[in-house]
Each structure stands twice: as structure tokens, then as C-alpha cells.
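S.K.: Pasting in a structure now, in C-alpha cells, and then I'll have a few things to ask.
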Amino acid sequence: KTYLKFSRLFYSPNRTRGKVETSKEGAGVSYDLVITGGKVIDGTGNAPFDADIAIRDGLIVDIGTALEAENAKVIEADGKIVTPGFVDIHTHYDGQATWDGLLEPSSGHGVTTIVMGNCGVGFAPVKPGQEEWLIQLMEGVEDIPGTALSEGMEWGWESFPEYLNTLEEKNFSIDIGSQVAHGAVRSYVMGDRGSNNEPANPEDIAEMKNLVREAIEAGALGVSTSRVLGHRAMNGEPVPGTFAAEDELYGLGEALRDAGSGVFELAPAGADGQDLVKAPAEMKWMRQLSATIERPVTFALLQNESEPQLWEQLLSESLEATEQGSQCFPQVAGRPFGLLIGLQTHHAFAKRPTFIQIADLPHSELVAQLKQKSIKEAILNEADEPANPNIVFDGMTRMVQAMLHRLYPLGEIPDYEPDPSKSFTEIAKTVHATPEEVLYDYMLENDGHAMGMMPIFNYVDGNHDVIREMLLHPQAVSGLSDGGAHCGMICDASIPTFMLSHWTRDRTRGEKLPLEWIVKKQTQDTATLYGLNDRGTLQAGKRADINVINYDALTLYGPKMAHDLPAGGRRLLQEATGYDYTIVAGHITRDHGKDTGERPGRLIRGAR
């Protein structure tokens with residue numbers, strides 16, 4: 001009721017309009033860059049307004065009308081919207097950032113700041129010889145090719161402060177910040193006992209606490225942990241810390257309190273639909289922890305099929321917790337959360353003997369073979385080879401086969417809110433074929449690049465309004481894009497673009513959301529949670545992290561597989577058009593979707 005009341009206030013036609021801010025330096029001052037004639041959506045949630053924006057030395061210095069642009073570079077934004085750069089707080093570029101300054105896919109979707117080190121996995125601290133084990137942990141949990149990490153990563157640190165020093169030496173297209181990961185800290189302190197999830201003793205906890213405080217004081221934005229049973233290393237072992245007792249979790253949190261900074265981030269037990277019975281107890285200790293350490297706690301929140309209304313209870317409790325002095329912020333995803341199914345990802349035929357025989361052919365040759373009638377008949381009529389229980393994800397084929405009623409054609413212009421009648425099972429009924437036959441033919445469309453979407457969370461009974469209600473909740477923050485991770489399964493780094501195009505403009509199966517609200521959810525709200533108060537809104541004195549967007553033409557395209565990671569590692573990429581300019585610290589980093597080569601992004605050390 002409280003947040004519905006909040007929503008009514010937001011929708012009131014009498015809400016305050018955006019204010020135009022102007023520096024006191026007066027006319028005639030020189031600028032580096034001026035954006036003229038745009039519709040400014042400033043990130044505060046206030047209504048859009050027409051204004052020019054002037055930039056000097058990486059900061060916004062003037063917002064007003066008819067600003068002098070003499071000797072400045074000018075971007076004419078007539079008919080365009082101008083927003084703050086998006087702040088994505090849930091990414092996994094921890095390894096990629098050591099070799100790649102571009103940081104795609106996120107940098108192609110209006111994101112100008114990322115936070116990595118989520119879900120309890122990261123690469124520091126690390127003892128000599130432990131590097132490969134951390135890579136295997138990251139690969140198992142986040143589906144980042146281990147071969148790519150092994151070849152691409154530039155090691156040279158042991159402590160977390162040394163890791164930050166390494167990142168500080170590099171230049172990026174966007175700003176990056178990092179959290180310190182419980183999994184790495186626990187294994188560093190406890191060795192095999194930590195990796196095997198044995199209980200921590202008081203001496204272990206004291207040392208972990210010291211390492212976390214050291215990391216925060218060096219500039220870490222928080223500490224992260226995972227309690228999700230499905231988060232496992234390549235050897236099948238759960239992430240270190242999955243079963244940590246409350247005294248260990250409090251030890252991590254007390255390090256934030258003692259340092260006076262940082263966010264406690266976690267994937268809580270039950271977030272993956274397993275162990276849902278633990279969800280109320282998880283919420284209880286998170287509330288108590290936040291109140292005790294006086295720091296924010298943010299956690300993954302998804303709707304699951306087993307308990308489809310549990311999300312409402314957890315959101316309600318997050319709001320109630322504020323009355324007790326807690327700061328609990330559920331992270332919600334802006335669209336269904338699941339898997340992409342196609343010829344180059346996990347699919348229903350990967351374990352069929354005939355497919356296995358030809359699977360390593362070049363893509364075009366593979367597609368040609370699969371189009372042959374004899375090959376198709378053999379694959380459709382064969383039994384699967386047994387899955388190897390020692391290989392993570394090897395059982396995905398059977399899961400896909402069992403969920404064709406939840407698998408939908410995605411399309412070249414992706415439809416993330418499909419009608420339930422459009423599943424492959426339902427389509428098969430109309431064409432008098434089996435669901436597997438329909439899926440087989442669909443996967444070969446678009447030269448074998450067609451993708452299907454299998455929503456696991458946030459889409460029970462095809463109800464997208466659940467996501468809308470999550471986004472409207474005052475405690476909820478937009479997150480869970482997993483940028484840089486799940487390279488062979490998803491490409492949710494494109495969520496910022498989807499949030500604009502779908503929720504504010506294109507939605508047809510329900511109510512839309514105001515553009516200024518969706519911008520705020522991805523800018524001010526996410527920046528504020530992590531204490532990044534020098535960005536997230538378009539105001540004089542703030543960082544000049546800005547998007548100039550052709551809103552009417554903003555288009556998100558279907559994901560495609562690329563093999564451009566080190567060692568030929570694969571990842572899904574997703575293009576968008578409509579971002580005329582992305583600006584980071586006053587530098588144009590993308591011009592009509594193309595990388596300009598500018599690298600003004602730097603490591604963020606701590607709140608600001």
C-alpha cells in the first residue's frame with residue numbers, strides 16, 4: 001500500500017517540474033562541449049525540460065537556454081533526449097577489465113559507470129598458485145570462458161588494494177568500480193577449508209574482516225557474497241561462503257561499518273528458486289545486519305514459479321525495514337530472466353549423436369548439414385548421449401527439452417514480453433508438428449542465428465506486470481544485468497536500452513512507465529546506492545556522463561554470438577541504434593553507436 005501511494009504521488013500532474021541550473025560564472029565563459037536544443041531528462045524523476053548543457057573539464061558547468069558555444073564543440077540535440085549516463089551496479093567485468101578498455105556489451109548501451117565484483121566471485125585477494133582456481137570459480141558461476149580468462153588476464157597482484165592499483169593504471173571507455181568478493185577472501189584466509197565451505201573459526205573471521213576493511217579503505221565499493229545453491233565452481237563445489245554462518249557474515253559487514261563506507265551485496269539463498277524455505281530467514285538477517293552496521297544491503301530479487309508471490313513479501317519487508325533503521329534494497333531485473341536458446345548456445349539437440357558428429361564444423365557448413373532431410377530426421381529421432389555430471393552445464397540439453405512450453409521465438413527485433421500462446425509447444429499445435437520439429441527449423445532461420453528466449457524467472461504465466469510493479473517499488477533498484485558474464489546464455493547487458501524502448505514507448509500488453517521514472521531508476525537511484533553522488537543526474541557540478549538519444553529511433557536488435565574473447569572465447573553481443581552520443585567525463589566515447597577510441601574512464605575508489 002505504501003508504494004502504491006508513492007506511485008500515485010509520482011503520477012500526480014502537479015509534481016515539481018525539472019529545474020534549470022546555471023553556474024554563477026555568467027555569460028561569455030568558455031566551454032569544451034555544448035549540447036544544444038535537447039529535451040533534458042535529468043535523472044531526478046522530474047519532468048523533462050528544454051535546455052542546453054555546457055561542459056568544461058569533464059564536469060557540467062551550465063544548464064540553461066541559448067548558452068554561448070563560441071570555441072566549443074557543439075552537439076545539436078534538437079528532437080533528441082539528453083539523459084545522464086546509466087550506472088549499472090551488477091556486472092562481472094573483473095577479469096575482462098584487465099585486458100579490455102572498451103568493456104562491451106555494456107558500453108554500447110548508454111552505460112557510463114559499472115560496478116563489478118558481485119555475487120561473491122572475484123580475483124583478489126589471491127595467493128600465488130591460486131589464480132587458476134579463481135578462474136574456474138568465475139567460469140562455473142558466471143559462464144565466462146575459462147580459456148579466455150586464462151589467456152587474457154594480466155595478473156600481478158596478491159592483495160585487493162594491489163588489484164585496484166593494477167586497474168588504476170588502465171584507461172577505459174567507461175568508469176569502473178569494484179567490490180571485494182567473499183569467495184576470494186574466504187579461500188585466501190582458509191585455503192582448502194574455505195574452498196570446501198567448512199565452518200570458519202573466530203580467527204578466520206577476524207582475518208577476513210581485516211581484509212575486507214583493507215579493501216574498503218583502498219577504494220572497494222562494497223563486499224559481496226553468494227548463498228545460491230546453483231552458483232558452483234567448475235568442479236561442482238558451491239561458492240565459498242554459500243553456507244557461512246551469521247557470525248561470518250556479520251564479520252564482513254562490520255568491516256564496512258568500521259571503514260564507514262561500502263555496500264553489502266549478495267545473491268541470497270532462494271534467489272535461484274532452490275531452498276525457498278530459507279527466504280524469510282535470509283530477509284531477517286539482512287535487515288538485522290543493515291541496522292547493526294548502518295550500511296546498505298542489496299540483494300537479488302526475482303519472481304520464481306515455485307513461490308510466485310514471494311517477491312511481494314520480500315519487497316514489503318524491505319520497505320518495513322526502513323522503520324527499524326535498515327537499508328535493504330532489492331535488485332530487480334527490467335525483463336524476464338532466463339536463457340537464450342540457439343544453435344550456438346545451449347539447445348535441445350546438443351547431446352544427439354548425429355549432432356555431436358558435426359558440431360565442430362564451421363557455422364555455415366553446420367547449418368547446411370542440419371538443413372539436410374536425412375540429418376534432421378536422424379537428430380529428431382535419436383536419444384541423447386548421457387550428460388556428464390562432472391561438467392557444469394552439460395545437463396542443459398535436457399532442461400531445454402523439458403521446457404519447450406516456456407520457450408519462445410525471440411525474433412530479430414526481440415520480443416521479451418511474448419504472448420504465452422507463442423511458445424514452441426503452442427506453435428506446434430497449430431502447425432501439426434512436434435515442438436522439437438518447430439524448434440529445429442526455427443534455429444536454422446537467419447542463417448542459423450535465430451534465438452529463442454526461455455524465461456526462468458519474472459514471467460510466471462506470461463505476466464510481465466510483475467516486473468512493472470517491481471520497478472515501481474521505492475526500495476527496488478535496477479540491476480542484475482550481469483554484464484560481461486553468462487557469455488553463452490544471456491546478454492542482459494542490453495537491459496538499459498530495453499528499459500527505455502519497451503517500458504516507456506513500445507509496450508502493448510499492459511501499461512507503460514514514464515520515461516523520467518525509468519531514467520531515474522538507472523541513474524540517480526543506482527548511483528546513490530553506491531554513494532557515487534558525483535554522477536547520476538544532470539546538474540551543475542556533476543560529472544559530464546551523458547547520453548544523447550534519438551528516442552524515436554532507439555532500437556534493440558537480437559543477440560548474436562561472437563568469438564572475439566581471448567583464445568577465441570565466445571560471448572553474446574547485442575547491438576542497439578539510437579544512441580547518437582555517449583559522453584564520459586566530457587569526452588565523446590561513442591558516436592552513433594561506434595567507439596571513438598576515447599578512453600576517459602577510470603577506476604572509482606570509494607564513495608564520493
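Chain lettering (A, B, ...) mirrors the order of the C-alpha cells, residue numbering begins at 1 for each chain separately, and ligand numbering begins at 1 in order of display.
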Which neighbours of Met470 of chain A fall inside 9 Å, counting only C-alpha atoms, when residues of the same chain fewer than 6 positions from it are skipped, and could you give them as a list of chain:residue names?

M.R.: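 After dropping sequence-adjacent residues, the list is A:Trp311, A:Glu312, A:Leu315, A:Val332, A:Ala333, A:Gly334, A:Ala476, A:Val477.
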
S.K.: Could you write those residues out with C-alpha atoms, as a PDB file, in the first residue's frame?

M.R.:
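again.pdb, freshly written:
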ATOM      1  CA  TRP A 311       8.637 -11.292  -4.287  1.00  0.00           C
ATOM      2  CA  GLU A 312       5.782  -9.166  -2.919  1.00  0.00           C
ATOM      3  CA  LEU A 315       9.596  -6.083  -1.221  1.00  0.00           C
ATOM      4  CA  VAL A 332      15.295  -6.294  -9.775  1.00  0.00           C
ATOM      5  CA  ALA A 333      15.662  -7.099 -13.463  1.00  0.00           C
ATOM      6  CA  GLY A 334      13.829  -4.999 -16.046  1.00  0.00           C
ATOM      7  CA  ALA A 476      13.863  -1.589  -5.595  1.00  0.00           C
ATOM      8  CA  VAL A 477      16.901  -0.705  -7.685  1.00  0.00           C
TER       9      VAL A 477
END

S.K.: Please return, as a list in words, all residues of segment 191-389 of chain A that DSSP assigns to strand (DSSP E or B) on the basis of the backbone.

M.R.: Gly222, Val223, Ser224, Thr225, Ser226, Arg232, Pro238, Val263, Phe264, Glu265, Leu266, Ala267, Val297, Thr298, Phe299, Ala300, Cys328, Phe329, Pro330, Gln331, Val332, Phe337, Gly338, Leu339, Leu340, Ile341 and Gly342 of chain A

S.K.: Enumerate, in order of chain and increasing residue number, the residues of segment 547-573 of chain A with an atom no farther than 9 Å from segment 450-459 of chain A, each with its shortest atom pair and distance in Å to one decimal, counting only C-alpha atoms, as a tab-separated table.

M.R.:
residue	atom	partner	partner_atom	distance
A:Gly558	CA	A:Met451	CA	7.8
A:Pro559	CA	A:Met451	CA	7.6
A:Lys560	CA	A:Met451	CA	8.4

S.K.: Go through segment 235-341 of chain A and flag each residue having an atom no more than 7 Å from segment 186-201 of chain A; for those, report the closest pair of atoms plus their distance in Å to one decimal, using only C-alpha atoms, ordered by chain and rising number, as a Markdown table.

M.R.:
| residue | atom | partner | partner_atom | distance |
| --- | --- | --- | --- | --- |
| A:Pro240 | CA | A:Ser195 | CA | 5.1 |
| A:Gly241 | CA | A:Asn197 | CA | 6.2 |
| A:Phe243 | CA | A:Asn197 | CA | 6.7 |
| A:Ala244 | CA | A:Pro199 | CA | 6.8 |

S.K.: Those same residues, written as a PDB file, in the first residue's frame with C-alpha atoms?

M.R.:
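Wrote it out as result-v9.pdb, contents follow:
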ATOM      1  CA  PRO A 240      32.984 -20.371  -0.818  1.00  0.00           C
ATOM      2  CA  GLY A 241      30.701 -18.731   1.727  1.00  0.00           C
ATOM      3  CA  PHE A 243      26.785 -21.822   3.869  1.00  0.00           C
ATOM      4  CA  ALA A 244      28.557 -19.225   6.004  1.00  0.00           C
TER       5      ALA A 244
END

S.K.: Which is closer to Arg507 of chain A than all the others in A:Gly483, A:Pro418, A:Pro238, A:Gly586, using only C-alpha atoms?

M.R.: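 Under the stated criterion, the closest residue is A:Pro418.
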
S.K.: In terms of the shortest atom-to-atom distance over only C-alpha atoms, which of A:Leu211, A:Val438, A:Ser224, A:Gln96 is closest to Thr242 of chain A?

M.R.: A:Ser224

S.K.: Tell me, as a PyMOL selection string, which residues lie within 12 Å of Gln522 of chain A, counting only C-alpha atoms; anything in the same chain fewer than 5 positions away does not count.

M.R.: chain A and resi 42-45+83-90+109-114+331-334+471+476-481+495-500+515-517+527-529+535-537

S.K.: For the selection you just gave me, I'd like the residues written to a file as a CSV table (one decimal), in the first residue's frame, keeping C-alpha atoms.

M.R.:
chain,number,residue,atom,x,y,z
A,42,ASP,CA,17.9,15.0,-15.6
A,43,GLY,CA,17.7,11.7,-13.7
A,44,THR,CA,15.8,13.1,-10.7
A,45,GLY,CA,12.4,11.9,-11.8
A,83,THR,CA,20.0,11.8,-20.1
A,84,PRO,CA,22.7,11.0,-17.5
A,85,GLY,CA,24.9,8.1,-18.4
A,86,PHE,CA,23.5,4.9,-16.9
A,87,VAL,CA,25.1,3.4,-13.8
A,88,ASP,CA,25.0,-0.4,-13.9
A,89,ILE,CA,25.6,-1.8,-10.5
A,90,HIS,CA,25.6,-5.6,-11.3
A,109,HIS,CA,24.0,0.6,-24.2
A,110,GLY,CA,24.4,4.0,-22.7
A,111,VAL,CA,26.2,2.8,-19.6
A,112,THR,CA,29.0,5.1,-18.3
A,113,THR,CA,29.7,3.5,-14.9
A,114,ILE,CA,29.8,-0.1,-13.9
A,331,GLN,CA,17.9,-5.6,-7.1
A,332,VAL,CA,15.3,-6.3,-9.8
A,333,ALA,CA,15.7,-7.1,-13.5
A,334,GLY,CA,13.8,-5.0,-16.0
A,471,LEU,CA,10.3,-1.3,-10.9
A,476,ALA,CA,13.9,-1.6,-5.6
A,477,VAL,CA,16.9,-0.7,-7.7
A,478,SER,CA,17.5,-1.7,-11.3
A,479,GLY,CA,20.2,-4.3,-11.5
A,480,LEU,CA,21.1,-7.9,-12.4
A,481,SER,CA,22.3,-7.2,-16.0
A,495,ILE,CA,18.7,-4.1,-20.3
A,496,PRO,CA,19.3,-0.3,-20.1
A,497,THR,CA,18.2,0.0,-23.7
A,498,PHE,CA,15.3,-2.3,-23.3
A,499,MET,CA,14.1,-0.3,-20.2
A,500,LEU,CA,13.8,2.8,-22.4
A,515,LEU,CA,10.3,8.0,-19.3
A,516,GLU,CA,11.7,10.2,-16.5
A,517,TRP,CA,11.0,7.4,-14.0
A,527,ALA,CA,24.5,5.9,-8.3
A,528,THR,CA,23.1,6.9,-4.9
A,529,LEU,CA,23.0,3.3,-3.6
A,535,ARG,CA,27.1,11.4,-11.1
A,536,GLY,CA,23.6,10.1,-11.9
A,537,THR,CA,21.9,13.4,-12.5

S.K.: Enumerate, in order of chain and increasing residue number, the residues of segment 447-542 of chain A with an atom no farther than 10 Å from segment 353-370 of chain A, each with its shortest atom pair and distance in Å to one decimal, counting only C-alpha atoms, as JSON lines.

M.R.:
{"residue": "A:Asp447", "atom": "CA", "partner": "A:Val367", "partner_atom": "CA", "distance": 7.1}
{"residue": "A:Gly448", "atom": "CA", "partner": "A:Val367", "partner_atom": "CA", "distance": 6.0}
{"residue": "A:His449", "atom": "CA", "partner": "A:His363", "partner_atom": "CA", "distance": 9.5}

S.K.: Keeping all heavy atoms for every residue in the selection just given, could you write it to a file as a tab-separated table (two decimals), in the first residue's frame?

M.R.:
chain	number	residue	atom	x	y	z
A	447	ASP	N	20.15	-17.65	-41.17
A	447	ASP	CA	21.46	-18.30	-41.35
A	447	ASP	C	21.96	-18.98	-40.09
A	447	ASP	O	23.16	-18.99	-39.78
A	447	ASP	CB	22.51	-17.28	-41.83
A	447	ASP	CG	22.16	-16.68	-43.18
A	447	ASP	OD1	21.64	-17.42	-44.04
A	447	ASP	OD2	22.40	-15.48	-43.37
A	448	GLY	N	21.02	-19.55	-39.33
A	448	GLY	CA	21.41	-20.28	-38.13
A	448	GLY	C	21.68	-19.41	-36.93
A	448	GLY	O	22.26	-19.89	-35.94
A	449	HIS	N	21.23	-18.15	-36.97
A	449	HIS	CA	21.47	-17.23	-35.85
A	449	HIS	C	20.20	-16.95	-35.05
A	449	HIS	O	20.25	-16.15	-34.10
A	449	HIS	CB	22.05	-15.91	-36.36
A	449	HIS	CG	23.42	-16.04	-36.94
A	449	HIS	ND1	24.53	-16.31	-36.17
A	449	HIS	CD2	23.86	-15.96	-38.23
A	449	HIS	CE1	25.61	-16.38	-36.95
A	449	HIS	NE2	25.22	-16.17	-38.20

S.K.: For Met489 of chain A, list every protein, DNA or RNA residue within 12 Å, evaluated using only C-alpha atoms, and leave out those in the same chain fewer than 6 positions away; present the list as a tab-separated table (two decimals) with N, CA and C atoms, in the first residue's frame.

M.R.:
chain	number	residue	atom	x	y	z
A	142	GLU	N	29.67	-17.79	-13.40
A	142	GLU	CA	29.25	-16.72	-14.30
A	142	GLU	C	29.38	-17.06	-15.79
A	143	ASP	N	29.76	-18.30	-16.11
A	143	ASP	CA	29.82	-18.74	-17.51
A	143	ASP	C	30.67	-17.80	-18.37
A	144	ILE	N	31.82	-17.41	-17.84
A	144	ILE	CA	32.82	-16.67	-18.61
A	144	ILE	C	33.88	-17.69	-19.01
A	145	PRO	N	34.17	-17.84	-20.31
A	145	PRO	CA	35.10	-18.91	-20.72
A	145	PRO	C	36.42	-18.86	-19.96
A	337	PHE	N	14.06	-13.10	-16.82
A	337	PHE	CA	15.42	-13.55	-16.56
A	337	PHE	C	15.50	-15.03	-16.91
A	338	GLY	N	16.29	-15.37	-17.92
A	338	GLY	CA	16.35	-16.77	-18.33
A	338	GLY	C	17.49	-17.05	-19.28
A	339	LEU	N	17.25	-17.89	-20.27
A	339	LEU	CA	18.29	-18.35	-21.17
A	339	LEU	C	17.94	-18.01	-22.62
A	340	LEU	N	18.99	-17.79	-23.40
A	340	LEU	CA	18.84	-17.67	-24.85
A	340	LEU	C	19.20	-19.02	-25.46
A	341	ILE	N	18.33	-19.52	-26.30
A	341	ILE	CA	18.49	-20.85	-26.88
A	341	ILE	C	18.65	-20.73	-28.39
A	342	GLY	N	19.77	-21.23	-28.90
A	342	GLY	CA	20.01	-21.18	-30.34
A	342	GLY	C	21.08	-22.18	-30.71
A	343	LEU	N	21.38	-22.22	-31.99
A	343	LEU	CA	22.33	-23.19	-32.49
A	343	LEU	C	23.71	-23.03	-31.87
A	344	GLN	N	24.07	-21.81	-31.49
A	344	GLN	CA	25.40	-21.55	-30.95
A	344	GLN	C	25.42	-21.46	-29.43
A	345	THR	N	24.27	-21.71	-28.80
A	345	THR	CA	24.20	-21.72	-27.34
A	345	THR	C	23.77	-23.12	-26.89
A	346	HIS	N	23.30	-23.23	-25.68
A	346	HIS	CA	22.73	-24.50	-25.22
A	346	HIS	C	21.41	-24.72	-25.95
A	347	HIS	N	21.17	-25.92	-26.46
A	347	HIS	CA	19.90	-26.18	-27.15
A	347	HIS	C	19.49	-27.63	-26.97
A	393	PHE	N	26.91	-27.38	-16.69
A	393	PHE	CA	26.04	-27.04	-17.82
A	393	PHE	C	25.83	-28.20	-18.79
A	396	MET	N	22.20	-29.11	-19.55
A	396	MET	CA	21.28	-28.06	-20.01
A	396	MET	C	20.35	-28.56	-21.11
A	451	MET	N	17.37	-16.99	-32.34
A	451	MET	CA	17.43	-17.30	-30.91
A	451	MET	C	16.02	-17.44	-30.34
A	452	GLY	N	15.89	-18.34	-29.38
A	452	GLY	CA	14.68	-18.41	-28.60
A	452	GLY	C	14.95	-17.92	-27.19
A	453	MET	N	13.90	-17.47	-26.50
A	453	MET	CA	14.04	-16.98	-25.12
A	453	MET	C	13.28	-17.92	-24.19
A	454	MET	N	13.96	-18.38	-23.15
A	454	MET	CA	13.34	-19.23	-22.14
A	454	MET	C	13.36	-18.50	-20.81
A	455	PRO	N	12.29	-17.78	-20.46
A	455	PRO	CA	12.27	-17.07	-19.17
A	455	PRO	C	12.11	-18.04	-18.02
A	482	ASP	N	24.23	-8.50	-15.20
A	482	ASP	CA	25.32	-9.48	-15.34
A	482	ASP	C	26.22	-9.16	-16.53
A	483	GLY	N	26.43	-7.88	-16.83
A	483	GLY	CA	27.29	-7.50	-17.94
A	483	GLY	C	28.65	-8.18	-17.85
A	559	PRO	N	20.29	-10.73	-30.12
A	559	PRO	CA	21.66	-11.09	-29.75
A	559	PRO	C	22.31	-11.99	-30.79
A	560	LYS	N	23.62	-11.85	-30.94
A	560	LYS	CA	24.38	-12.70	-31.86
A	560	LYS	C	25.65	-13.17	-31.15
A	561	MET	N	26.09	-14.36	-31.52
A	561	MET	CA	27.28	-14.92	-30.91
A	561	MET	C	28.53	-14.41	-31.62
A	570	ARG	N	33.83	-17.39	-26.71
A	570	ARG	CA	32.55	-16.89	-27.24
A	570	ARG	C	31.85	-15.99	-26.25
A	571	ARG	N	31.02	-15.10	-26.78
A	571	ARG	CA	30.12	-14.30	-25.95
A	571	ARG	C	29.00	-13.78	-26.83
A	572	LEU	N	27.86	-13.56	-26.22
A	572	LEU	CA	26.72	-12.97	-26.91
A	572	LEU	C	26.81	-11.45	-26.85
A	573	LEU	N	26.62	-10.83	-27.99
A	573	LEU	CA	26.60	-9.38	-28.09
A	573	LEU	C	25.25	-8.95	-28.66

S.K.: Apply DSSP to the structure's backbone, then extract all residues of segment 313-364 of chain A labelled alpha helix (DSSP H) and return them as an MDAnalysis selection string.

M.R.: chainID A and resid 313:321 353:358 363:364

S.K.: When you draw a straight line from atom CA of Leu314 of chain A to atom CA of Ala281 of chain A, how long is it in Å?

M.R.: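 We find that atom CA of Leu314 of chain A and atom CA of Ala281 of chain A lie 11.0 Å from each other.
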
S.K.: What is the distance between atom CA of Val40 of chain A and atom CA of Val82 of chain A, in Å to one decimal?

M.R.: 4.8 Å
